[in-house]
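Participant: Got run.cif for you, mmCIF, C-alpha atoms:
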```cif
data_work
loop_
_atom_site.label_atom_id
_atom_site.label_comp_id
_atom_site.auth_asym_id
_atom_site.auth_seq_id
_atom_site.Cartn_x
_atom_site.Cartn_y
_atom_site.Cartn_z
CA MET A 1 -3.29 45.58 13.95
CA VAL A 2 -1.28 42.76 15.54
CA ILE A 3 -0.06 41.60 12.13
CA ASP A 4 0.84 45.17 11.16
CA THR A 5 2.94 45.63 14.30
CA PHE A 6 4.65 42.28 13.81
CA LEU A 7 5.52 42.97 10.16
CA GLU A 8 6.78 46.47 10.97
CA SER A 9 8.96 45.19 13.83
CA TYR A 10 11.13 42.73 11.90
CA ASP A 11 13.19 42.63 8.72
CA PHE A 12 11.67 40.07 6.37
CA SER A 13 14.13 40.69 3.52
CA GLY A 14 14.68 37.43 1.67
CA LYS A 15 12.20 35.60 3.89
CA THR A 16 9.06 33.79 2.75
CA ILE A 17 5.76 34.63 4.40
CA ILE A 18 3.00 32.06 4.05
CA PRO A 19 -0.23 33.82 5.00
CA PHE A 20 -3.34 31.96 6.14
CA CYS A 21 -6.48 32.80 8.07
CA THR A 22 -9.95 31.64 8.97
CA SER A 23 -12.94 33.81 8.22
CA ALA A 24 -16.67 33.39 7.93
CA SER A 25 -17.15 36.42 5.72
CA ASP A 26 -13.97 37.28 3.82
CA THR A 27 -11.00 35.66 2.08
CA ILE A 28 -7.31 36.25 2.62
CA ASP A 29 -7.11 37.80 -0.85
CA ASN A 30 -8.46 41.05 0.61
CA SER A 31 -5.57 41.22 3.11
CA LEU A 32 -2.55 40.16 1.05
CA HIS A 33 -1.74 43.75 0.12
CA ILE A 34 -0.90 44.39 3.79
CA PHE A 35 1.91 41.82 3.68
CA GLN A 36 3.25 43.29 0.45
CA GLU A 37 3.14 46.84 1.83
CA LEU A 38 4.72 46.09 5.21
CA ALA A 39 7.22 43.46 4.09
CA PRO A 40 8.12 44.58 0.55
CA ASP A 41 11.39 42.62 0.43
CA ALA A 42 9.77 39.34 1.46
CA VAL A 43 8.41 36.63 -0.79
CA ILE A 44 4.68 36.37 -0.17
CA ALA A 45 3.42 32.85 -0.90
CA GLN A 46 -0.10 32.05 -2.05
CA GLY A 47 -2.43 32.58 0.90
CA LEU A 48 -5.22 30.34 2.13
CA THR A 49 -8.50 31.00 3.84
CA ALA A 50 -8.49 27.80 5.87
CA ASN A 51 -12.14 27.30 6.72
CA ASP A 52 -12.07 23.65 5.65
CA THR A 53 -9.28 21.45 7.01
CA ALA A 54 -9.41 19.41 3.79
CA ASP A 55 -7.97 22.43 1.94
CA ILE A 56 -4.80 22.66 4.03
CA GLN A 57 -2.85 19.59 2.85
CA PRO A 58 -3.34 20.31 -0.89
CA TRP A 59 -2.40 23.96 -0.32
CA LEU A 60 0.85 23.01 1.43
CA GLU A 61 1.60 20.42 -1.24
CA GLY A 62 1.05 23.03 -3.94
CA LEU A 63 3.49 25.34 -2.19
CA GLY A 64 6.03 22.51 -2.02
CA TYR A 65 6.23 22.45 1.77
CA VAL A 66 4.96 18.90 2.26
CA ALA A 67 5.15 15.85 0.05
CA GLU A 68 2.01 14.70 -1.71
CA GLN A 69 0.33 11.79 -0.05
#
```
Using the file provided, produce a representation of the structure as structure tokens.

Facilitator:
Amino acid sequence: MVIDTFLESYDFSGKTIIPFCTSASDTIDNSLHIFQELAPDAVIAQGLTANDTADIQPWLEGLGYVAEQ
């Protein structure tokens, strides 16, 4: 609900949203449709379920937001 309210409250036209979460039972893939529905004019980057910190650096590198080490 907090994410819904946030996305509905601002204009994300032309902005990039980089979704991530932690979850013991589900992946972010099941929630990405919410971003697309509530911010249809935004670019939605590949999401990450960040349960393992070792996954974060490669994910950001793949998105082009940090240089490969």

Participant: Interatomic distance between CA of Phe12 (chain A) and CA of Leu38 (chain A)?

Facilitator: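 The value is 9.3 Å.
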
Participant: Distance CA of Gln36 (chain A)-CA of Thr53 (chain A), one decimal place?

Facilitator: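 Atom-to-atom, CA of Gln36 (chain A) to CA of Thr53 (chain A), that is 26.0 Å.
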
Participant: Which residue is closest to Ile3 (chain A)? Choose from A:Gly47, A:Ile34, A:Ile18, A:Asp52 and count all atoms listed in the file.

Facilitator: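 Comparing A:Gly47, A:Ile34, A:Ile18, A:Asp52 against Ile3 (chain A), the winner is A:Ile34.
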
Participant: Go through the shown structure with the PyMOL selection byres ((chain A and resi 42) around 6) and write out the matching residues as number ranges by chain.

Facilitator: A: 12-16, 39-41, 43

Participant: Would you save the residues of that selection, restricted to C-alpha atoms, as a PDB file, in the coordinates of the input?

Facilitator:
```pdb
ATOM      1  CA  PHE A  12      11.670  40.070   6.370  1.00  0.00           C
ATOM      2  CA  SER A  13      14.130  40.690   3.520  1.00  0.00           C
ATOM      3  CA  GLY A  14      14.680  37.430   1.670  1.00  0.00           C
ATOM      4  CA  LYS A  15      12.200  35.600   3.890  1.00  0.00           C
ATOM      5  CA  THR A  16       9.060  33.790   2.750  1.00  0.00           C
ATOM      6  CA  ALA A  39       7.220  43.460   4.090  1.00  0.00           C
ATOM      7  CA  PRO A  40       8.120  44.580   0.550  1.00  0.00           C
ATOM      8  CA  ASP A  41      11.390  42.620   0.430  1.00  0.00           C
ATOM      9  CA  VAL A  43       8.410  36.630  -0.790  1.00  0.00           C
TER      10      VAL A  43
END
```

Participant: For the structure provided, state which residues fall under the PyMOL selection byres ((chain A and resi 21) around 10), and present them as JSON, numbers by chain.

Facilitator: {"A": [19, 20, 22, 23, 26, 27, 28, 31, 47, 48, 49, 50, 51]}

Participant: CA of Ala54 (chain A) and CA of Val66 (chain A) are how many Å apart?

Facilitator: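 According to the coordinates, CA of Ala54 (chain A) and CA of Val66 (chain A) are separated by 14.5 Å.
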
Participant: I need the residue nearest Thr5 (chain A) from this list: A:Tyr65, A:Gln46, A:Phe35, A:Gln57. Use all atoms listed in the file for the distance.

Facilitator: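 Looking only at the distances to Thr5 (chain A), the closest residue turns out to be A:Phe35.
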
Participant: Specify the axis-aligned box that encloses all atoms of region 44-61 of chain A listed in the file after padding of 4 Å on each side, stating its centre and edge lengths in Å to one decimal as lines of an AutoDock Vina configuration file.

Facilitator:
```
center_x = -3.7
center_y = 27.9
center_z = 2.5
size_x = 24.8
size_y = 25.0
size_z = 17.1
```

Participant: I need the residue nearest Glu37 (chain A) from this list: A:Leu7, A:Met1, A:Leu60, A:Ala67. Use all atoms listed in the file for the distance.

Facilitator: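 Answer, going by the shortest atom-to-atom distance: A:Leu7.
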